[in-house]
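Structure file run_21.txt (compact mmCIF, C-alpha atoms) is printed below.
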# COMPACT_ATOMS: atom_id res chain seq x y z
CA MET A 1 0.00 0.00 0.00
CA ARG A 2 2.73 2.46 1.07
CA ARG A 3 4.93 1.53 -1.86
CA ARG A 4 2.10 2.12 -4.26
CA MET A 5 1.62 5.67 -2.94
CA LEU A 6 5.31 6.51 -3.32
CA THR A 7 5.51 5.21 -6.85
CA GLY A 8 2.32 7.04 -7.66
CA GLN A 9 3.80 10.38 -6.49
CA HIS A 10 6.96 9.88 -8.52
CA ALA A 11 5.00 9.00 -11.56
CA VAL A 12 3.30 12.42 -11.34
CA HIS A 13 6.63 14.34 -11.32
CA GLN A 14 8.02 14.81 -14.80
CA GLY A 15 11.10 16.69 -16.13
CA VAL A 16 14.47 17.58 -14.56
CA ASN A 17 14.79 18.10 -10.81
CA ALA A 18 15.89 21.78 -10.62
CA THR A 19 16.47 22.00 -6.86
CA PRO A 20 20.24 21.29 -6.85
CA LEU A 21 20.69 23.58 -9.84
CA ILE A 22 18.97 26.44 -8.04
CA ASP A 23 21.02 25.81 -4.92
CA VAL A 24 24.29 25.97 -6.80
CA VAL A 25 23.33 28.98 -8.90
CA MET A 26 22.26 30.87 -5.81
CA CYS A 27 25.57 30.14 -4.12
CA LEU A 28 27.46 31.23 -7.22
CA ILE A 29 25.55 34.51 -7.29
CA ILE A 30 26.40 35.18 -3.65
CA PHE A 31 30.02 34.25 -4.34
CA PHE A 32 30.39 36.71 -7.19
CA LEU A 33 28.61 39.45 -5.27
CA LEU A 34 31.05 39.06 -2.38
CA VAL A 35 34.13 38.82 -4.59
CA GLY A 36 33.03 41.86 -6.55
CA LYS A 37 32.62 43.82 -3.34
CA LEU A 38 36.03 42.70 -2.09
CA ALA A 39 37.68 43.53 -5.37
CA SER A 40 36.23 47.03 -5.45
CA ASP A 41 37.23 47.64 -1.83
CA ARG A 42 40.78 46.53 -2.32
CA GLY A 43 41.38 48.22 -5.65
CA ALA A 44 42.39 45.23 -7.69
CA ALA A 45 43.89 47.42 -10.40
CA VAL A 46 46.72 48.63 -8.18
CA ARG A 47 50.08 47.04 -8.84
CA LEU A 48 51.57 46.98 -5.38
CA PRO A 49 55.31 47.17 -4.71
CA GLU A 50 56.95 43.88 -3.87
CA SER A 51 58.19 42.93 -0.46
CA ALA A 52 59.74 39.77 0.91
CA ARG A 53 58.63 40.65 4.43
CA GLY A 54 55.43 41.93 5.94
CA HIS A 55 52.66 41.34 8.41
CA GLU A 56 49.03 40.36 8.18
CA GLU A 57 46.40 42.92 9.00
CA GLN A 58 45.02 42.46 12.50
CA ALA A 59 43.15 45.70 13.14
CA ALA A 60 39.40 45.60 13.49
CA THR A 61 38.84 48.96 11.82
CA ILE A 62 40.51 49.60 8.50
CA LEU A 63 40.58 52.59 6.18
CA VAL A 64 41.83 51.73 2.72
CA VAL A 65 43.48 54.58 0.81
CA THR A 66 44.21 53.71 -2.80
CA VAL A 67 46.75 55.80 -4.70
CA THR A 68 47.03 55.26 -8.44
CA ALA A 69 48.58 57.22 -11.26
CA LEU A 70 46.29 59.15 -13.55
CA PRO A 71 46.62 57.86 -17.13
CA SER A 72 47.41 61.28 -18.56
CA GLY A 73 48.59 62.97 -15.41
CA PRO A 74 51.90 64.77 -14.96
CA ILE A 75 54.86 62.89 -13.53
CA VAL A 76 55.79 64.81 -10.44
CA THR A 77 59.14 64.40 -8.76
CA ASP A 78 58.94 67.23 -6.26
CA ALA A 79 55.54 67.93 -4.79
CA ALA A 80 55.53 69.64 -1.44
CA SER A 81 51.74 69.42 -1.24
CA PRO A 82 48.80 69.25 -3.60
CA ARG A 83 47.90 72.85 -4.30
CA GLU A 84 44.95 74.11 -6.23
CA GLY A 85 43.85 71.21 -8.40
CA GLY A 86 44.35 68.80 -5.53
CA PHE A 87 45.69 65.34 -6.12
CA ALA A 88 44.99 65.54 -9.84
CA ALA A 89 47.61 68.29 -10.12
CA ILE A 90 50.31 65.86 -9.03
CA GLY A 91 49.08 63.11 -11.30
CA VAL A 92 47.48 60.75 -8.81
CA GLU A 93 44.00 59.58 -8.04
CA VAL A 94 43.27 58.95 -4.37
CA GLU A 95 40.30 56.79 -3.46
CA VAL A 96 38.80 56.04 -0.06
CA ASP A 97 35.94 53.56 0.16
CA GLY A 98 35.41 53.77 -3.59
CA LYS A 99 35.13 57.56 -3.58
CA THR A 100 37.67 59.71 -5.36
CA LEU A 101 39.04 62.50 -3.18
CA GLN A 102 39.91 65.91 -4.55
CA GLY A 103 42.64 67.07 -2.21
CA SER A 104 44.46 66.47 1.03
CA LYS A 105 41.74 68.26 2.98
CA ASP A 106 39.21 65.57 2.01
CA LEU A 107 41.68 62.83 2.91
CA GLU A 108 42.36 64.39 6.30
CA SER A 109 38.64 64.53 7.01
CA ALA A 110 38.22 60.88 6.08
CA VAL A 111 41.16 59.76 8.23
CA ARG A 112 40.06 61.92 11.14
CA ALA A 113 36.53 60.55 10.96
CA LYS A 114 37.84 56.98 10.95
CA LEU A 115 40.17 57.64 13.90
CA ALA A 116 37.26 59.20 15.78
CA THR A 117 35.37 55.91 15.60
CA ASP A 118 38.40 53.81 16.55
CA LEU A 119 41.70 55.28 17.69
CA GLN A 120 43.47 52.04 16.80
CA ALA A 121 42.13 52.07 13.25
CA SER A 122 44.57 50.93 10.62
CA ILE A 123 45.21 53.24 7.67
CA GLN A 124 46.17 51.09 4.68
CA ILE A 125 48.05 52.84 1.88
CA ARG A 126 47.68 50.92 -1.37
CA ALA A 127 49.94 52.84 -3.70
CA ASP A 128 51.04 51.85 -7.17
CA ARG A 129 54.62 50.63 -7.43
CA ASP A 130 55.38 52.87 -10.40
CA LEU A 131 54.65 56.11 -8.57
CA SER A 132 57.39 58.37 -7.36
CA PHE A 133 57.64 59.10 -3.67
CA ALA A 134 56.58 62.68 -4.38
CA ALA A 135 53.18 61.36 -5.43
CA VAL A 136 52.74 59.33 -2.22
CA GLU A 137 54.18 61.87 0.20
CA PRO A 138 51.11 64.20 0.22
CA VAL A 139 48.96 61.21 1.16
CA LEU A 140 51.26 60.31 4.06
CA ARG A 141 51.37 63.95 5.11
CA ALA A 142 47.60 64.20 5.14
CA CYS A 143 47.37 61.03 7.26
CA GLY A 144 49.92 62.47 9.68
CA ASN A 145 48.13 65.80 9.84
CA ALA A 146 44.89 64.00 10.61
CA GLY A 147 46.49 62.41 13.66
CA ALA A 148 47.53 58.99 12.38
CA ARG A 149 50.73 57.90 14.07
CA SER A 150 51.47 55.21 11.55
CA VAL A 151 50.16 53.68 8.36
CA ARG A 152 50.28 50.24 6.77
CA LEU A 153 51.93 50.10 3.36
CA ALA A 154 50.38 47.35 1.29
CA ALA A 155 52.91 45.22 -0.57
CA GLU A 156 52.77 42.17 -2.76
CA LYS A 157 54.27 38.99 -1.39
CA THR A 158 57.38 37.76 -3.11
CA PRO A 159 58.66 34.23 -2.54
CA MET B 1 12.72 -25.47 -13.90
CA SER B 2 9.03 -24.74 -13.84
CA ALA B 3 7.31 -21.96 -15.75
CA ALA B 4 6.09 -20.40 -12.49
CA HIS B 5 9.63 -20.15 -11.17
CA THR B 6 10.89 -18.47 -14.36
CA ARG B 7 8.05 -15.94 -14.24
CA ARG B 8 8.81 -15.11 -10.61
CA ARG B 9 12.49 -14.60 -11.38
CA SER B 10 11.94 -12.28 -14.31
CA LYS B 11 9.53 -10.22 -12.20
CA ALA B 12 12.18 -9.82 -9.50
CA LEU B 13 14.74 -8.66 -12.11
CA ALA B 14 12.36 -6.11 -13.56
CA ARG B 15 11.87 -4.51 -10.16
CA ARG B 16 15.59 -3.61 -9.86
CA ASP B 17 15.30 -0.26 -11.64
CA ALA B 18 16.23 3.24 -10.38
CA LEU B 19 12.83 3.87 -8.88
CA HIS B 20 13.05 0.67 -6.95
CA ASN B 21 16.46 1.65 -5.64
CA TYR B 22 15.11 5.10 -4.69
CA SER B 23 12.27 3.55 -2.80
CA LEU B 24 14.80 1.55 -0.82
CA HIS B 25 16.55 4.77 0.31
CA PHE B 26 16.02 5.80 3.92
CA GLY B 27 16.94 9.05 5.70
CA PRO B 28 17.34 12.63 4.46
CA ASN B 29 18.37 13.45 0.91
CA MET B 30 21.99 14.60 1.07
CA THR B 31 22.37 15.78 -2.53
CA PRO B 32 21.41 19.50 -2.12
CA MET B 33 23.45 19.79 1.05
CA VAL B 34 26.53 18.33 -0.62
CA ASP B 35 26.06 20.73 -3.54
CA VAL B 36 25.91 23.77 -1.29
CA VAL B 37 28.78 22.65 0.92
CA MET B 38 30.95 22.08 -2.13
CA VAL B 39 30.28 25.58 -3.44
CA ILE B 40 31.00 27.12 -0.03
CA LEU B 41 34.24 25.14 0.12
CA ILE B 42 35.30 26.45 -3.29
CA PHE B 43 34.38 29.98 -2.20
CA PHE B 44 36.62 29.89 0.85
CA MET B 45 39.47 28.31 -1.08
CA ALA B 46 39.23 30.96 -3.77
CA SER B 47 38.94 33.84 -1.31
CA ALA B 48 41.92 32.55 0.68
CA ALA B 49 44.02 32.48 -2.47
CA PHE B 50 42.70 35.90 -3.42
CA MET B 51 43.50 37.55 -0.11
CA GLY B 52 46.76 35.80 0.65
CA ASP B 53 48.91 37.48 -1.96
CA GLU B 54 49.75 40.59 -0.02
CA TRP B 55 50.78 41.86 3.36
CA PHE B 56 51.59 45.10 5.06
CA LEU B 57 54.56 47.07 6.30
CA ARG B 58 53.98 49.29 9.28
CA ALA B 59 55.44 52.73 8.80
CA ALA B 60 55.44 55.61 11.26
CA ILE B 61 55.01 59.13 9.89
CA PRO B 62 57.56 61.41 11.51
CA PHE B 63 57.50 64.95 10.26
CA GLU B 64 60.59 66.84 9.27
CA ALA B 65 61.22 69.32 12.05
CA GLY B 66 63.15 71.71 9.89
CA ARG B 67 66.75 72.63 10.19
CA GLY B 68 68.18 73.05 13.66
CA THR B 69 65.03 71.97 15.50
CA ALA B 70 65.62 68.32 16.00
CA THR B 71 63.71 68.20 19.30
CA ASN B 72 60.19 69.01 20.45
CA LYS B 73 58.33 67.50 17.54
CA PRO B 74 54.72 67.10 18.65
CA ASN B 75 53.71 64.50 16.08
CA ASP B 76 56.91 62.52 16.07
CA PRO B 77 56.35 59.00 17.43
CA LEU B 78 60.06 58.31 17.16
CA ALA B 79 61.23 61.04 19.51
CA LEU B 80 64.35 60.41 21.61
CA PRO B 81 65.31 57.11 20.07
CA PRO B 82 68.02 54.89 21.50
CA THR B 83 69.68 54.32 18.15
CA ARG B 84 68.46 56.15 15.15
CA LEU B 85 69.42 55.55 11.57
CA ASP B 86 68.67 58.26 9.03
CA VAL B 87 68.48 56.69 5.61
CA GLN B 88 68.71 59.32 2.89
CA LEU B 89 67.35 58.15 -0.44
CA ASP B 90 67.92 60.09 -3.63
CA VAL B 91 68.31 59.45 -7.33
CA ASP B 92 71.43 59.97 -9.39
CA ARG B 93 71.63 61.34 -12.92
CA ASN B 94 70.79 57.96 -14.40
CA GLY B 95 67.64 57.68 -12.36
CA GLN B 96 69.06 55.01 -10.08
CA THR B 97 68.27 55.19 -6.39
CA ILE B 98 71.26 56.03 -4.22
CA VAL B 99 71.44 55.86 -0.47
CA THR B 100 73.44 57.71 2.15
CA VAL B 101 73.58 56.15 5.58
CA LEU B 102 76.35 55.18 7.99
CA ASP B 103 79.49 54.84 5.91
CA LEU B 104 77.59 54.51 2.64
CA LYS B 105 77.79 57.71 0.64
CA GLU B 106 75.50 57.84 -2.36
CA ALA B 107 75.81 54.11 -2.74
CA PRO B 108 73.41 51.98 -4.78
CA LEU B 109 70.30 50.84 -2.95
CA GLN B 110 71.44 47.23 -3.15
CA ALA B 111 74.47 48.10 -1.02
CA PHE B 112 72.15 49.30 1.73
CA LEU B 113 70.00 46.18 1.45
CA ASP B 114 73.11 44.01 1.76
CA ARG B 115 74.37 46.03 4.72
CA VAL B 116 71.09 45.78 6.61
CA ALA B 117 71.04 42.03 6.01
CA THR B 118 74.31 41.74 7.93
CA PHE B 119 72.84 43.33 11.08
CA PRO B 120 72.91 40.77 13.89
CA GLN B 121 69.61 39.49 15.19
CA SER B 122 69.97 41.10 18.58
CA LYS B 123 68.06 43.24 21.03
CA GLU B 124 69.98 46.29 19.87
CA THR B 125 68.88 45.72 16.31
CA SER B 126 65.25 45.23 17.23
CA GLU B 127 65.29 48.42 19.30
CA MET B 128 66.89 50.41 16.52
CA GLU B 129 64.80 53.07 14.85
CA VAL B 130 65.09 53.82 11.18
CA VAL B 131 63.81 56.92 9.44
CA ILE B 132 63.70 56.79 5.67
CA ARG B 133 64.04 60.23 4.15
CA ALA B 134 63.33 59.94 0.46
CA ALA B 135 63.60 62.63 -2.16
CA GLY B 136 60.54 63.18 -4.32
CA ALA B 137 62.06 61.58 -7.40
CA VAL B 138 62.79 58.28 -5.65
CA PRO B 139 60.49 55.50 -6.90
CA TYR B 140 57.98 54.44 -4.27
CA ARG B 141 58.92 50.80 -4.81
CA ASP B 142 62.47 51.54 -3.66
CA VAL B 143 61.16 53.14 -0.48
CA VAL B 144 59.22 49.95 0.17
CA ARG B 145 62.29 47.84 -0.63
CA ALA B 146 64.34 49.73 1.95
CA HIS B 147 61.51 49.38 4.46
CA SER B 148 61.18 45.68 3.73
CA ALA B 149 64.91 45.13 4.26
CA CYS B 150 64.76 46.83 7.65
CA ASP B 151 61.77 44.69 8.57
CA ALA B 152 63.62 41.56 7.53
CA ALA B 153 66.56 42.54 9.73
CA GLY B 154 64.25 42.61 12.73
CA ILE B 155 63.92 46.39 13.06
CA VAL B 156 60.43 47.06 14.34
CA LYS B 157 60.29 50.84 14.27
CA VAL B 158 60.59 52.14 10.76
CA GLY B 159 59.35 55.58 9.79
CA ILE B 160 58.97 57.31 6.48
CA SER B 161 59.69 60.97 6.89
CA VAL B 162 57.42 63.52 5.23
CA LYS B 163 58.10 67.20 4.82
CA ARG B 164 55.71 69.72 6.21
CA ALA B 165 53.73 71.62 3.63
CA PRO B 166 55.35 74.95 2.75
CA ALA B 167 53.86 78.09 4.16
CA SER B 168 52.53 79.10 0.75
CA ALA B 169 50.30 76.04 0.57
CA PRO B 170 46.59 76.44 1.27
CA ALA B 171 45.50 76.00 4.86
CA GLY B 172 43.76 72.73 4.07
CA ALA B 173 46.96 70.79 4.58
CA GLY B 174 46.91 71.21 8.32
CA GLY B 175 44.90 72.67 11.15
CA GLY B 176 44.04 69.51 13.06
CA ALA B 177 43.93 69.45 16.82
CA GLY B 178 47.39 69.06 18.27
CA VAL B 179 49.04 69.40 14.90
CA THR B 180 51.34 72.26 14.12
CA PRO B 181 50.06 74.27 11.17
CA PRO B 182 52.01 73.96 7.93
CA GLY B 183 55.28 75.74 8.19
CA GLY B 184 54.64 76.70 11.77
CA ALA B 185 57.53 74.70 13.17
CA ARG B 186 60.08 76.52 11.10

Translate the structure of the given file into structure tokens.
Amino acid sequence: MRRRMLTGQHAVHQGVNATPLIDVVMCLIIFFLLVGKLASDRGAAVRLPESARGHEEQAATILVVTVTALPSGPIVTDAASPREGGFAAIGVEVEVDGKTLQGSKDLESAVRAKLATDLQASIQIRADRDLSFAAVEPVLRACGNAGARSVRLAAEKTP
Amino acid sequence: MSAAHTRRRSKALARRDALHNYSLHFGPNMTPMVDVVMVILIFFMASAAFMGDEWFLRAAIPFEAGRGTATNKPNDPLALPPTRLDVQLDVDRNGQTIVTVLDLKEAPLQAFLDRVATFPQSKETSEMEVVIRAAGAVPYRDVVRAHSACDAAGIVKVGISVKRAPASAPAGAGGGAGVTPPGGAR
């Protein structure tokens, strides 16, 4: 009697069982959403300088500052500070949390706001390896002016 | 062999199809769970590989105090160091990074890296403080190379010196609480 009911139910179902397919597709969608978010946060386009030594990030609060060269920007070798024209005048694009900052004043505000929430916040500087130090120095100066005692320089692992 | 026996045997063979096997299955269906767990496993493996290709170098930000005012720097975390090494980085006419520190005078960067690698792994070395003073034309990657070499030698406190903004710069470069305004220290 029981067996007849089971076979009867299966006989009604026709076509492919889509449940595993939907499970997997849903997981893949979540995977790509997360990876896309991570990639945008970390600025995947930045070619970091190489380092044979380094430390893992352990801070709970992190502010990621991405410094990249503008494609058609000037190559600056002696920039005391970004003047009128901001970071674009020294040929770099500075991003914080996916937003492009105009000048050091904006960067100081962002760093100060982050340090206000957590004094131990880690300021990560993700600067392109092909930049000159003059292009990175205004970013470090702004972090120092905002009260950051130290920063973390992101580097690519070398074997 | 009787006809009845043959009929019974063929009936038993016919019942061994997929549906019959399915009907013999007891317990929960594991297939969707295994699917999901496999995808989660791949996700964590991929994200571990994605995030494991970089690390960080901790760098203090000491400000240049200006000429003749080596003390009383309010934002200098490396004040009054036990042993302080000022590493001057510059570029020569060919665009190569040169370094001036200790007995090295405008030597190639590799000479400095080799010298730092010979530092003994001792308490004195770990308590040493290094300040990298780079000219604007020095490639950023060379600054990181010098920093990385110091880190490898066991030196914990490494700073990258930045110059204060000149007095002609707009006021936006400074003005924070406890921070000397641009050019004010000079």

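You will find CA of Cys27 (chain A) at 16.8 Å from CA of Met30 (chain B).
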
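Across A:Ala121, A:Ala60, A:Val136, A:Leu115, the tightest approach to Glu93 (chain A) is made by A:Val136 when counting all atoms listed in the file.
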
| request: When you get a sec, could you note down which chain A residues fall within 7 Å of chain B, using all atoms listed in the file, as a PyMOL selection string? | output: chain A and resi 20+23-24+27+31+49+51-57+77-81+83+104-105+129-134+137+141-142+144-146+149-157

| query | How many Å lie between CA of Val91 (chain B) and CA of Lys105 (chain B), rounded to one decimal? | reply |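 Result for CA of Val91 (chain B) versus CA of Lys105 (chain B): 12.5 Å, one decimal.
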
| query | Separation of CA of Gly98 (chain A) and CA of Lys114 (chain A), in Å? | reply | 15.1 Å

| All residues 6 Å or closer to Val96 (chain A), only C-alpha atoms, same chain fewer than 2 positions away omitted, as a list in words |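 Skipping anything fewer than 2 positions along the chain leaves Val64, Val65, Gly98 and Lys99 of chain A.
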
Please rebuild region 121-136 of chain B with N, CA and C atoms and give the result as a compact mmCIF listing (two decimals), keeping the file's coordinate frame.
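The new file rebuild-v2.txt reads:
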# COMPACT_ATOMS: atom_id res chain seq x y z
N GLN B 121 70.96 39.60 14.61
CA GLN B 121 69.61 39.49 15.19
C GLN B 121 69.73 39.63 16.70
N SER B 122 69.76 40.86 17.16
CA SER B 122 69.97 41.10 18.58
C SER B 122 68.94 42.09 19.09
N LYS B 123 68.99 42.29 20.41
CA LYS B 123 68.06 43.24 21.03
C LYS B 123 68.34 44.66 20.53
N GLU B 124 69.62 44.95 20.35
CA GLU B 124 69.98 46.29 19.87
C GLU B 124 69.39 46.56 18.50
N THR B 125 69.44 45.54 17.66
CA THR B 125 68.88 45.72 16.31
C THR B 125 67.37 45.92 16.37
N SER B 126 66.71 45.12 17.20
CA SER B 126 65.25 45.23 17.23
C SER B 126 64.81 46.55 17.84
N GLU B 127 65.66 47.14 18.70
CA GLU B 127 65.29 48.42 19.30
C GLU B 127 65.73 49.61 18.45
N MET B 128 66.43 49.34 17.39
CA MET B 128 66.89 50.41 16.52
C MET B 128 65.70 51.08 15.83
N GLU B 129 65.87 52.35 15.55
CA GLU B 129 64.80 53.07 14.85
C GLU B 129 65.36 53.63 13.55
N VAL B 130 64.63 53.41 12.50
CA VAL B 130 65.09 53.82 11.18
C VAL B 130 64.10 54.83 10.61
N VAL B 131 64.64 55.93 10.12
CA VAL B 131 63.81 56.92 9.44
C VAL B 131 64.27 57.01 8.00
N ILE B 132 63.37 56.73 7.09
CA ILE B 132 63.70 56.79 5.67
C ILE B 132 63.31 58.18 5.16
N ARG B 133 64.29 58.90 4.70
CA ARG B 133 64.04 60.23 4.15
C ARG B 133 64.28 60.15 2.64
N ALA B 134 63.21 60.14 1.91
CA ALA B 134 63.33 59.94 0.46
C ALA B 134 63.07 61.25 -0.26
N ALA B 135 63.87 61.48 -1.29
CA ALA B 135 63.60 62.63 -2.16
C ALA B 135 62.38 62.31 -3.03
N GLY B 136 61.79 63.37 -3.57
CA GLY B 136 60.54 63.18 -4.32
C GLY B 136 60.69 62.32 -5.56
